[in-house]
Structure formats: C-alpha cells, structure tokens
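This is structure.cif. It holds mmCIF, C-alpha atoms and all ligand atoms.
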data_work
loop_
_atom_site.label_atom_id
_atom_site.label_comp_id
_atom_site.auth_asym_id
_atom_site.auth_seq_id
_atom_site.Cartn_x
_atom_site.Cartn_y
_atom_site.Cartn_z
CA MET Z 1 4.82 2.00 -23.27
CA LYS Z 2 5.04 5.74 -22.77
CA ILE Z 3 2.52 7.83 -20.86
CA THR Z 4 1.74 9.62 -24.14
CA ASP Z 5 0.86 6.28 -25.74
CA ILE Z 6 -1.42 5.31 -22.85
CA VAL Z 7 -3.15 8.68 -23.07
CA LYS Z 8 -3.71 8.18 -26.79
CA ILE Z 9 -4.92 4.59 -26.55
CA LEU Z 10 -7.41 5.33 -23.76
CA ASP Z 11 -8.23 8.94 -24.52
CA ALA Z 12 -7.06 9.43 -20.93
CA GLN Z 13 -6.49 12.56 -18.88
CA VAL Z 14 -3.24 13.30 -17.06
CA ILE Z 15 -4.18 14.43 -13.54
CA VAL Z 16 -0.64 14.49 -12.11
CA GLY Z 17 2.58 14.32 -14.13
CA ARG Z 18 2.06 16.41 -17.27
CA GLU Z 19 5.82 16.90 -17.43
CA ASP Z 20 6.39 13.12 -17.47
CA MET Z 21 4.74 12.26 -20.79
CA ASP Z 22 7.87 10.41 -21.95
CA TYR Z 23 8.03 8.23 -18.84
CA SER Z 24 7.94 4.63 -19.97
CA ILE Z 25 6.40 1.62 -18.29
CA ASP Z 26 6.46 -2.07 -19.29
CA HIS Z 27 4.20 -3.83 -16.80
CA GLY Z 28 0.64 -3.48 -15.66
CA PHE Z 29 -1.48 -4.82 -12.82
CA ALA Z 30 -5.21 -4.35 -12.29
CA SER Z 31 -6.93 -4.67 -8.91
CA ASP Z 32 -9.30 -2.91 -6.55
CA LEU Z 33 -7.86 -4.73 -3.54
CA MET Z 34 -4.88 -2.94 -2.07
CA SER Z 35 -3.42 -5.89 -0.16
CA ASP Z 36 -3.41 -7.76 -3.44
CA VAL Z 37 -1.31 -4.95 -4.92
CA LEU Z 38 0.97 -5.03 -1.88
CA THR Z 39 1.99 -8.65 -2.61
CA LEU Z 40 3.79 -7.63 -5.81
CA GLU Z 41 7.56 -7.74 -6.01
CA GLU Z 42 7.59 -6.00 -9.37
CA GLU Z 43 7.97 -2.21 -9.12
CA HIS Z 44 7.55 0.80 -11.36
CA LEU Z 45 4.44 -0.59 -12.95
CA ILE Z 46 1.10 0.92 -13.84
CA LEU Z 47 -1.70 0.12 -11.40
CA ILE Z 48 -5.09 0.09 -13.10
CA THR Z 49 -7.88 0.42 -10.57
CA GLY Z 50 -11.41 1.55 -9.84
CA LEU Z 51 -10.54 2.22 -6.21
CA CYS Z 52 -10.10 5.95 -5.92
CA ASN Z 53 -9.15 7.21 -2.47
CA ASN Z 54 -6.10 8.18 -0.39
CA GLN Z 55 -5.31 4.51 0.20
CA THR Z 56 -4.75 3.94 -3.52
CA ILE Z 57 -1.98 6.53 -3.46
CA ARG Z 58 -0.58 5.28 -0.14
CA THR Z 59 -0.46 1.75 -1.53
CA ALA Z 60 1.45 2.95 -4.59
CA GLU Z 61 3.81 4.87 -2.31
CA MET Z 62 4.62 1.79 -0.19
CA ALA Z 63 4.91 -0.54 -3.20
CA ASN Z 64 7.05 1.84 -5.32
CA ILE Z 65 4.41 1.98 -8.03
CA SER Z 66 5.02 4.95 -10.29
CA VAL Z 67 1.79 5.26 -12.31
CA ILE Z 68 -1.87 4.91 -11.27
CA LEU Z 69 -4.65 4.79 -13.85
CA PHE Z 70 -8.21 5.26 -12.61
CA VAL Z 71 -10.96 3.82 -14.76
CA ARG Z 72 -14.58 4.91 -15.19
CA ASN Z 73 -14.09 8.64 -14.72
CA LYS Z 74 -13.31 8.55 -11.01
CA GLN Z 75 -12.97 11.92 -9.26
CA VAL Z 76 -9.47 12.44 -7.86
CA SER Z 77 -9.47 14.58 -4.68
CA GLU Z 78 -7.06 17.42 -3.82
CA ASP Z 79 -5.68 15.26 -1.00
CA MET Z 80 -4.86 12.49 -3.44
CA ILE Z 81 -3.20 14.92 -5.85
CA GLU Z 82 -1.06 16.29 -3.04
CA LEU Z 83 -0.01 12.81 -1.93
CA ALA Z 84 0.83 11.86 -5.50
CA LEU Z 85 2.96 14.99 -6.00
CA GLU Z 86 4.82 14.33 -2.74
CA ASN Z 87 5.67 10.83 -3.90
CA ASP Z 88 6.35 11.42 -7.62
CA ILE Z 89 3.40 9.31 -8.67
CA ILE Z 90 1.79 9.94 -12.06
CA ILE Z 91 -2.03 9.85 -12.05
CA LEU Z 92 -4.08 9.15 -15.16
CA SER Z 93 -7.81 8.84 -15.51
CA CYS Z 94 -9.96 7.44 -18.29
CA LYS Z 95 -13.66 6.94 -18.86
CA TYR Z 96 -13.53 3.33 -20.08
CA SER Z 97 -14.52 0.33 -17.96
CA MET Z 98 -11.83 -1.75 -16.29
CA PHE Z 99 -12.35 -4.57 -18.81
CA ARG Z 100 -12.03 -2.33 -21.85
CA THR Z 101 -9.07 -0.42 -20.40
CA VAL Z 102 -7.10 -3.55 -19.58
CA GLY Z 103 -7.98 -5.11 -22.95
CA LEU Z 104 -6.77 -2.10 -24.90
CA LEU Z 105 -3.49 -1.83 -22.98
CA TYR Z 106 -2.82 -5.57 -23.32
CA GLU Z 107 -3.55 -5.46 -27.03
CA ASN Z 108 -1.09 -2.61 -27.40
CA GLY Z 109 1.73 -4.48 -25.68
CA LEU Z 110 1.58 -3.71 -21.97
CA VAL Z 111 2.90 -6.81 -20.18
CA PRO Z 112 1.13 -8.45 -17.21
CA VAL Z 113 3.13 -8.77 -13.99
CA TYR Z 114 2.35 -12.51 -14.03
CA MET U 1 19.22 4.22 18.54
CA MET U 2 16.08 6.07 17.61
CA HIS U 3 12.60 5.81 19.04
CA THR U 4 9.40 7.18 17.47
CA GLU U 5 5.71 6.75 18.18
CA PHE U 6 2.60 7.27 16.08
CA ILE U 7 -1.04 7.28 17.14
CA VAL U 8 -3.57 5.67 14.80
CA VAL U 9 -7.27 6.39 15.08
CA GLU U 10 -10.13 3.92 14.52
CA GLY U 11 -11.79 4.36 11.12
CA ASP U 12 -9.46 7.19 10.10
CA PHE U 13 -8.80 5.95 6.57
CA ALA U 14 -7.91 9.41 5.30
CA ASN U 15 -4.75 9.25 7.41
CA ALA U 16 -3.99 5.54 7.14
CA GLY U 17 -0.43 5.20 5.91
CA LYS U 18 0.94 8.37 7.50
CA ALA U 19 3.06 6.45 9.98
CA SER U 20 4.38 4.09 7.28
CA SER U 21 5.12 7.08 5.09
CA GLU U 22 7.14 8.78 7.85
CA ILE U 23 9.06 5.56 8.45
CA LYS U 24 9.80 5.31 4.73
CA LYS U 25 11.23 8.85 4.69
CA THR U 26 13.45 8.14 7.70
CA LEU U 27 14.79 4.89 6.20
CA LYS U 28 15.51 6.62 2.89
CA GLN U 29 17.50 9.31 4.70
CA LEU U 30 19.51 6.54 6.36
CA ASN U 31 20.26 5.06 2.90
CA ILE U 32 18.75 1.69 3.71
CA ASP U 33 18.48 -0.59 0.66
CA ASN U 34 15.29 0.14 -1.33
CA GLN U 35 14.12 -3.49 -1.32
CA LYS U 36 14.43 -3.57 2.46
CA ILE U 37 12.53 -0.33 2.79
CA LYS U 38 9.71 -1.70 0.69
CA LYS U 39 9.45 -4.86 2.82
CA ILE U 40 9.34 -2.82 6.01
CA VAL U 41 6.82 -0.21 4.89
CA VAL U 42 4.48 -2.75 3.25
CA ALA U 43 4.40 -4.74 6.52
CA VAL U 44 3.90 -1.66 8.70
CA TYR U 45 1.26 -0.25 6.37
CA GLU U 46 -0.75 -3.51 6.47
CA ALA U 47 -0.63 -3.51 10.27
CA GLU U 48 -1.46 0.19 10.41
CA VAL U 49 -4.53 -0.35 8.22
CA ASN U 50 -5.58 -3.34 10.33
CA ALA U 51 -5.46 -1.23 13.51
CA ILE U 52 -7.64 1.36 11.79
CA ALA U 53 -9.98 -1.13 10.06
CA HIS U 54 -10.43 -3.94 12.57
CA ALA U 55 -9.45 -2.39 15.90
CA TYR U 56 -10.25 0.73 17.88
CA GLY U 57 -7.01 2.44 16.89
CA GLY U 58 -3.75 2.21 18.79
CA THR U 59 -0.09 3.19 18.87
CA ILE U 60 2.87 2.31 16.67
CA PHE U 61 6.26 2.17 18.40
CA VAL U 62 9.34 2.24 16.19
CA ASP U 63 12.85 1.42 17.37
CA LEU U 64 15.68 1.78 14.95
CA ASP U 65 19.38 1.03 15.25
CA GLU U 66 22.20 0.30 12.81
CA GLU U 67 21.28 -3.36 12.43
CA LYS U 68 17.52 -3.52 12.46
CA ILE U 69 14.15 -1.89 12.74
CA CYS U 70 11.64 -3.11 15.31
CA VAL U 71 8.01 -2.02 14.97
CA LEU U 72 5.33 -2.73 17.56
CA ILE U 73 1.69 -2.05 16.69
CA LYS U 74 -0.44 -2.12 19.80
CA ASP U 75 -4.19 -1.66 19.48
CA LYS U 76 -7.10 -1.28 21.87
CA GLY U 77 -9.14 -4.31 20.86
CA PRO U 78 -11.33 -6.23 20.07
CA GLY U 79 -8.53 -8.81 19.72
CA ILE U 80 -8.20 -11.76 17.34
CA PRO U 81 -9.99 -14.93 18.53
CA ASP U 82 -8.05 -17.34 16.28
CA ILE U 83 -4.66 -16.04 15.14
CA ALA U 84 -3.85 -19.11 13.00
CA ARG U 85 -7.10 -18.61 11.09
CA ALA U 86 -6.46 -14.85 10.72
CA MET U 87 -3.05 -15.66 9.21
CA GLU U 88 -4.63 -17.73 6.42
CA LYS U 89 -4.59 -16.18 2.96
CA GLY U 90 -8.09 -14.99 2.09
CA TYR U 91 -9.53 -15.03 5.61
CA SER U 92 -11.20 -11.71 6.35
CA THR U 93 -13.96 -10.32 8.54
CA ALA U 94 -13.67 -6.86 6.97
CA SER U 95 -16.84 -4.76 7.12
CA ALA U 96 -18.52 -3.31 4.04
CA LYS U 97 -16.94 0.06 4.86
CA VAL U 98 -13.46 -1.45 5.03
CA ARG U 99 -14.01 -3.21 1.69
CA GLU U 100 -15.14 0.04 0.17
CA MET U 101 -11.77 1.50 1.20
CA GLY U 102 -9.98 -1.19 -0.82
CA PHE U 103 -9.19 -3.67 1.95
CA GLY U 104 -10.56 -7.06 2.97
CA ALA U 105 -8.68 -9.45 0.67
CA GLY U 106 -7.46 -11.34 3.71
CA MET U 107 -3.90 -10.81 2.51
CA GLY U 108 -2.60 -8.32 5.08
CA LEU U 109 -1.29 -10.66 7.77
CA PRO U 110 0.22 -13.12 5.22
CA ASN U 111 1.84 -10.12 3.52
CA ILE U 112 3.35 -9.00 6.82
CA LYS U 113 4.73 -12.48 7.47
CA ASN U 114 6.32 -12.58 3.99
CA ASN U 115 8.09 -9.29 4.42
CA VAL U 116 9.62 -9.42 7.90
CA ASP U 117 12.41 -11.46 9.51
CA GLU U 118 10.63 -11.90 12.84
CA LEU U 119 6.92 -11.68 13.62
CA ASP U 120 5.18 -12.10 16.94
CA ILE U 121 1.43 -11.65 17.35
CA GLN U 122 -0.16 -11.55 20.79
CA SER U 123 -3.86 -11.01 21.08
CA GLU U 124 -6.50 -11.16 23.77
CA VAL U 125 -10.19 -10.97 22.93
CA GLY U 126 -11.77 -7.90 24.50
CA VAL U 127 -8.36 -6.38 25.26
CA GLY U 128 -6.27 -5.87 22.13
CA THR U 129 -3.61 -7.05 19.74
CA GLU U 130 0.15 -6.52 19.70
CA ILE U 131 2.07 -7.17 16.53
CA LYS U 132 5.83 -7.03 16.79
CA MET U 133 7.95 -7.19 13.68
CA ILE U 134 11.68 -7.01 13.10
CA VAL U 135 13.56 -6.52 9.86
CA ASN U 136 17.35 -6.85 9.86
CA PHE U 137 19.17 -4.52 7.51
CA ASN U 138 22.04 -6.89 6.76
CA SER U 139 20.42 -10.26 6.09
N1 LIG Y 201 -5.58 -5.55 14.78
C1 LIG Y 201 -6.59 -6.42 14.62
N2 LIG Y 201 -7.58 -6.49 15.54
C2 LIG Y 201 -8.60 -7.36 15.38
N3 LIG Y 201 -8.71 -8.22 14.36
C3 LIG Y 201 -7.75 -8.20 13.42
C4 LIG Y 201 -6.64 -7.30 13.50
N4 LIG Y 201 -5.84 -7.53 12.44
C5 LIG Y 201 -6.42 -8.51 11.73
N5 LIG Y 201 -7.57 -8.91 12.30
C6 LIG Y 201 -8.47 -10.02 11.85
O1 LIG Y 201 -7.74 -10.87 10.99
C7 LIG Y 201 -8.35 -10.89 9.69
C8 LIG Y 201 -7.29 -11.05 8.63
O2 LIG Y 201 -6.46 -9.88 8.59
P1 LIG Y 201 -5.70 -9.52 7.23
O3 LIG Y 201 -4.97 -8.26 7.42
O4 LIG Y 201 -4.91 -10.71 6.80
O5 LIG Y 201 -6.89 -9.37 6.19
P2 LIG Y 201 -7.92 -8.14 6.04
O6 LIG Y 201 -7.45 -6.98 6.84
O7 LIG Y 201 -9.28 -8.65 6.37
O8 LIG Y 201 -7.84 -7.84 4.50
P3 LIG Y 201 -6.57 -7.15 3.74
O9 LIG Y 201 -5.49 -6.97 4.76
O10 LIG Y 201 -6.20 -8.11 2.67
O11 LIG Y 201 -7.07 -5.87 3.21
C9 LIG Y 201 -9.16 -9.61 9.63
O12 LIG Y 201 -10.21 -9.67 8.69
C10 LIG Y 201 -9.65 -9.50 11.06
O13 LIG Y 201 -10.72 -10.38 11.29
MG MG Y 202 -5.50 -6.25 6.67
#
Could you quickly redo this structure as structure tokens?
Ligand SMILES: Nc1ncnc2c1ncn2[C@@H]1O[C@H](COP(=O)(O)OP(=O)(O)OP(=O)(O)O)[C@@H](O)[C@H]1O
Ligand SMILES: [Mg+2]
Amino acid sequence: MKITDIVKILDAQVIVGREDMDYSIDHGFASDLMSDVLTLEEEHLILITGLCNNQTIRTAEMANISVILFVRNKQVSEDMIELALENDIIILSCKYSMFRTVGLLYENGLVPVY
Amino acid sequence: MMHTEFIVVEGDFANAGKASSEIKKTLKQLNIDNQKIKKIVVAVYEAEVNAIAHAYGGTIFVDLDEEKICVLIKDKGPGIPDIARAMEKGYSTASAKVREMGFGAGMGLPNIKNNVDELDIQSEVGVGTEIKMIVNFNS
C-alpha cells in the first residue's frame, strides 16, 4: 500500500515525507506501548499509534520502522519533525479514531504483522 | 577498542534515546550487520528508558572492539528488590507519568534479554542498578 493510498483512505495529512508519496508498505502494527513495538522483528512497517511524543520517533528509529501514523489529530512537535527527518521516517496524521483507522487500512489490504 | 560514555538524567524523556541513537550511528559507520544493530540499540534503548523512568538517572558506558559491543548502564537507585520478578513479561511498577510517555508494558527487561548474547543485572535497593550487556558481532 502506497503512502498516497493511505492518505486517500484516511483523508490523512503528510507531516514529514511529502516527497515519498510512492513509498510502499505491506505491514501494519498498532500500539500505544513502545516496548510492545520494540518486540517486533518485522521492519519497514507502518506504526499506527495515539502516542505522540519524541519517544514514538525514537522507538521507530531503533526498530527500523519507516512510517508512523498518528490518529485522532495529534499535534506533532518541531522536535519530533526534526528527529523524523534525521532518521528518514515518514509521519502521517489523521483525524479518525484508532479503531476506525485500523479497520479502514485492514479492509483495504494492509497486512497485520501477526 | 573504543570507549564512550553518556549521562542520562532522571525524568528527561525528551532526550531518552539519544545515547542509543549515537550508538546506532557509530555501528552503522562500522558496517555492522543491520539485524545486529537493531538488537543492540533496542536493548540499550530499553535500558536507557528504564534509567530515566525508574531510576534517578545514571551513566552508560560503551566499549566496542572488532568482535563485540559491551554496554554497561549504571544508575543511581532506587534498585530492583526482586530481579526475577522484574524480568517477567508484563511486570511493571511504572508511574502514571511513565505510562503517559508510552512505557510501562513490562516488556523492557524481557526485550533486553531476547536481544543480547550476555546479560548481567546487579542491583541493590537504595543504591542502584547495573545492567551489563554484550552482543557479539560474529555469532
Ligand atoms: N533501572 C531500574 N531501576 C529500578 N527499577 C527498575 C529499573 N529497571 C527496571 N526496573 C523495575 O522493573 C520493572 C520492569 O521493567 P521493564 O523494563 O521490564 O518494564 P517497564 O519499564 O515497567 O515497562 P516497559 O519497559 O515495557 O515500558 C519496572 O517496572 C521497575 O519496577
Ligand atoms: Mg522498561
């Protein structure tokens, strides 16, 4: 699933990575608990989360996660944007709830990690 | 042989992960295998966050040679009363503030154990905790 598709499906905003709209991702994982995310062996997935702080970006950095999608209109800080740019992480944001977001992506073919 | 040290400060979540991030950059420059790098930085990051979240800060000592990386995270207390219990998946005493930062699943120590080749935890209540981890590059 391409970033452009995700943006369309969720009416999402691209916060970081406007030049990566063709980047394609197969797997998704949703969690607000970072240590849970850090157990994953799978890489280059999209992390769907309501946790919006520096640690979300740091977790993605350590786990080689390439796309983060924040749900429920979370405000992304300048610090977070800078960290994401440094680490080539794409940041998306949408206004839908976690449940609706995950449901829509699943319905459209995004594959769970397990 | 290379030696580096990082200071971590109690409650400083804004900077949690800086040490792990620096270590990741160094290992990348040395062309260490990506899977290895991930194991190392996930383990160090978990320990770094623990020193910030559960302890009063501390120091991270990194020793690197051609064969392995050795990381020692030494904090200034309060210590872990029951290490076996702390190692259990899901066990956590994380405060509301720590949970708000996205931690407190009780997965950090089990994650560290899964990712390193050698792990040694020494802790004294009222004094502090020392976590030593080694990852071999060629195993
Ligand atoms: N450096 C430390 N000093 C004091 N207590 C610690 C330290 N590290 C861990 N602990 C104790 O061990 C428990 C388990 O740690 P662990 O890292 O596995 O889980 P957590 O930090 O609570 O949650 P998570 O790591 O999943 O975000 C902690 O909740 C805490 O009680
Ligand atoms: Mg922890």
Check which residues of chain U sit at most 9 Å from chain Z using only C-alpha atoms, and return one row each with the closest pair of atoms and their distance in Å to one decimal, ordered by chain and rising number, as CSV.
residue,atom,partner,partner_atom,distance
U:Phe13,CA,Z:Gln55,CA,7.4
U:Ala14,CA,Z:Asn54,CA,6.1
U:Asn15,CA,Z:Asn54,CA,8.0
U:Ala16,CA,Z:Gln55,CA,7.1
U:Gly17,CA,Z:Arg58,CA,6.1
U:Lys18,CA,Z:Arg58,CA,8.4
U:Ser20,CA,Z:Met62,CA,7.8
U:Ser21,CA,Z:Met62,CA,7.5
U:Lys24,CA,Z:Met62,CA,8.0
U:Ile37,CA,Z:Met62,CA,8.7
U:Lys38,CA,Z:Met62,CA,6.2
U:Lys39,CA,Z:Ala63,CA,8.7
U:Val41,CA,Z:Met62,CA,5.9
U:Val42,CA,Z:Met62,CA,5.7
U:Tyr45,CA,Z:Met62,CA,7.6
U:Glu46,CA,Z:Ser35,CA,7.5
U:Arg99,CA,Z:Leu33,CA,8.2
U:Glu100,CA,Z:Leu51,CA,8.2
U:Met101,CA,Z:Gln55,CA,7.2
U:Gly102,CA,Z:Leu33,CA,4.9
U:Phe103,CA,Z:Leu33,CA,5.7
U:Gly104,CA,Z:Leu33,CA,7.4
U:Ala105,CA,Z:Leu33,CA,6.4
U:Gly106,CA,Z:Ser35,CA,7.8
U:Met107,CA,Z:Ser35,CA,5.6
U:Gly108,CA,Z:Ser35,CA,5.8
U:Asn111,CA,Z:Thr39,CA,6.3
U:Asn114,CA,Z:Thr39,CA,8.8
- Message: What does the list of residues within 9 Å of ligand LIG 201 (chain Y) look like if you count all atoms listed in the file, written as a PyMOL selection string?
- Response: (chain Z and resi 33-36) or (chain U and resi 46-58+73-83+85-95+98-99+101-112+123+125+128-131)
Would you mind exporting the chosen residues as a PDB file, in the coordinates of the input, restricted to C-alpha atoms?
ATOM      1  CA  LEU Z  33      -7.860  -4.730  -3.540  1.00  0.00           C
ATOM      2  CA  MET Z  34      -4.880  -2.940  -2.070  1.00  0.00           C
ATOM      3  CA  SER Z  35      -3.420  -5.890  -0.160  1.00  0.00           C
ATOM      4  CA  ASP Z  36      -3.410  -7.760  -3.440  1.00  0.00           C
TER       5      ASP Z  36
ATOM      6  CA  GLU U  46      -0.750  -3.510   6.470  1.00  0.00           C
ATOM      7  CA  ALA U  47      -0.630  -3.510  10.270  1.00  0.00           C
ATOM      8  CA  GLU U  48      -1.460   0.190  10.410  1.00  0.00           C
ATOM      9  CA  VAL U  49      -4.530  -0.350   8.220  1.00  0.00           C
ATOM     10  CA  ASN U  50      -5.580  -3.340  10.330  1.00  0.00           C
ATOM     11  CA  ALA U  51      -5.460  -1.230  13.510  1.00  0.00           C
ATOM     12  CA  ILE U  52      -7.640   1.360  11.790  1.00  0.00           C
ATOM     13  CA  ALA U  53      -9.980  -1.130  10.060  1.00  0.00           C
ATOM     14  CA  HIS U  54     -10.430  -3.940  12.570  1.00  0.00           C
ATOM     15  CA  ALA U  55      -9.450  -2.390  15.900  1.00  0.00           C
ATOM     16  CA  TYR U  56     -10.250   0.730  17.880  1.00  0.00           C
ATOM     17  CA  GLY U  57      -7.010   2.440  16.890  1.00  0.00           C
ATOM     18  CA  GLY U  58      -3.750   2.210  18.790  1.00  0.00           C
ATOM     19  CA  ILE U  73       1.690  -2.050  16.690  1.00  0.00           C
ATOM     20  CA  LYS U  74      -0.440  -2.120  19.800  1.00  0.00           C
ATOM     21  CA  ASP U  75      -4.190  -1.660  19.480  1.00  0.00           C
ATOM     22  CA  LYS U  76      -7.100  -1.280  21.870  1.00  0.00           C
ATOM     23  CA  GLY U  77      -9.140  -4.310  20.860  1.00  0.00           C
ATOM     24  CA  PRO U  78     -11.330  -6.230  20.070  1.00  0.00           C
ATOM     25  CA  GLY U  79      -8.530  -8.810  19.720  1.00  0.00           C
ATOM     26  CA  ILE U  80      -8.200 -11.760  17.340  1.00  0.00           C
ATOM     27  CA  PRO U  81      -9.990 -14.930  18.530  1.00  0.00           C
ATOM     28  CA  ASP U  82      -8.050 -17.340  16.280  1.00  0.00           C
ATOM     29  CA  ILE U  83      -4.660 -16.040  15.140  1.00  0.00           C
ATOM     30  CA  ARG U  85      -7.100 -18.610  11.090  1.00  0.00           C
ATOM     31  CA  ALA U  86      -6.460 -14.850  10.720  1.00  0.00           C
ATOM     32  CA  MET U  87      -3.050 -15.660   9.210  1.00  0.00           C
ATOM     33  CA  GLU U  88      -4.630 -17.730   6.420  1.00  0.00           C
ATOM     34  CA  LYS U  89      -4.590 -16.180   2.960  1.00  0.00           C
ATOM     35  CA  GLY U  90      -8.090 -14.990   2.090  1.00  0.00           C
ATOM     36  CA  TYR U  91      -9.530 -15.030   5.610  1.00  0.00           C
ATOM     37  CA  SER U  92     -11.200 -11.710   6.350  1.00  0.00           C
ATOM     38  CA  THR U  93     -13.960 -10.320   8.540  1.00  0.00           C
ATOM     39  CA  ALA U  94     -13.670  -6.860   6.970  1.00  0.00           C
ATOM     40  CA  SER U  95     -16.840  -4.760   7.120  1.00  0.00           C
ATOM     41  CA  VAL U  98     -13.460  -1.450   5.030  1.00  0.00           C
ATOM     42  CA  ARG U  99     -14.010  -3.210   1.690  1.00  0.00           C
ATOM     43  CA  MET U 101     -11.770   1.500   1.200  1.00  0.00           C
ATOM     44  CA  GLY U 102      -9.980  -1.190  -0.820  1.00  0.00           C
ATOM     45  CA  PHE U 103      -9.190  -3.670   1.950  1.00  0.00           C
ATOM     46  CA  GLY U 104     -10.560  -7.060   2.970  1.00  0.00           C
ATOM     47  CA  ALA U 105      -8.680  -9.450   0.670  1.00  0.00           C
ATOM     48  CA  GLY U 106      -7.460 -11.340   3.710  1.00  0.00           C
ATOM     49  CA  MET U 107      -3.900 -10.810   2.510  1.00  0.00           C
ATOM     50  CA  GLY U 108      -2.600  -8.320   5.080  1.00  0.00           C
ATOM     51  CA  LEU U 109      -1.290 -10.660   7.770  1.00  0.00           C
ATOM     52  CA  PRO U 110       0.220 -13.120   5.220  1.00  0.00           C
ATOM     53  CA  ASN U 111       1.840 -10.120   3.520  1.00  0.00           C
ATOM     54  CA  ILE U 112       3.350  -9.000   6.820  1.00  0.00           C
ATOM     55  CA  SER U 123      -3.860 -11.010  21.080  1.00  0.00           C
ATOM     56  CA  VAL U 125     -10.190 -10.970  22.930  1.00  0.00           C
ATOM     57  CA  GLY U 128      -6.270  -5.870  22.130  1.00  0.00           C
ATOM     58  CA  THR U 129      -3.610  -7.050  19.740  1.00  0.00           C
ATOM     59  CA  GLU U 130       0.150  -6.520  19.700  1.00  0.00           C
ATOM     60  CA  ILE U 131       2.070  -7.170  16.530  1.00  0.00           C
TER      61      ILE U 131
END
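CA of Ile48 in chain Z is positioned 4.8 Å from CA of Leu69 in chain Z.
Distance annotation: of U:Val9, U:Ile23, U:Val44, U:Val127, the residue with the minimal separation from ligand MG 202 (chain Y) is U:Val44; atom set is all atoms listed in the file.
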- Message: Ranking U:Ile7, U:Asp12, U:Thr59, U:Ala43 by minimum distance to ligand MG 202 (chain Y) and counting all atoms listed in the file, which one comes first?
- Response: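 Using all atoms listed in the file, ligand MG 202 (chain Y) sits closest to U:Ala43.
In this model, the gap between CA of Gly109 in chain Z and CA of Val71 in chain Z comes to 18.7 Å.
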- Query: Could you state the separation of CA of Asn108 in chain Z and CA of Leu10 in chain Z in Å, given to one decimal place?
  - Reply: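 According to the coordinates, CA of Asn108 in chain Z and CA of Leu10 in chain Z are separated by 10.8 Å.
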- Task: For the point (-1.2, 8.1, -21.0) in the file's frame, write as JSON, numbers by chain all residues with an atom no more than 12 Å away, counting only C-alpha atoms.
- Result: {"Z": [1, 2, 3, 4, 5, 6, 7, 8, 9, 10, 11, 12, 13, 14, 15, 16, 17, 18, 19, 20, 21, 22, 23, 24, 25, 46, 48, 67, 68, 69, 70, 90, 91, 92, 93, 94, 101, 105]}
Box for range 40-56 of chain U - axis-aligned, 6 Å on each of the six sides, all listed atoms - centre and size in Å to one decimal, as AutoDock Vina command-line options.
--center_x -0.5 --center_y -1.7 --center_z 10.6 --size_x 31.8 --size_y 18.1 --size_z 26.6
Shell around Asp120 in chain U at 10 Å using all atoms listed in the file, local window under 4 positions removed, as a PDB file with C-alpha atoms, in the coordinates of the input:
ATOM      1  CA  LEU U  72       5.330  -2.730  17.560  1.00  0.00           C
ATOM      2  CA  LYS U 113       4.730 -12.480   7.470  1.00  0.00           C
ATOM      3  CA  GLU U 130       0.150  -6.520  19.700  1.00  0.00           C
ATOM      4  CA  ILE U 131       2.070  -7.170  16.530  1.00  0.00           C
ATOM      5  CA  LYS U 132       5.830  -7.030  16.790  1.00  0.00           C
ATOM      6  CA  MET U 133       7.950  -7.190  13.680  1.00  0.00           C
ATOM      7  CA  ILE U 134      11.680  -7.010  13.100  1.00  0.00           C
TER       8      ILE U 134
END
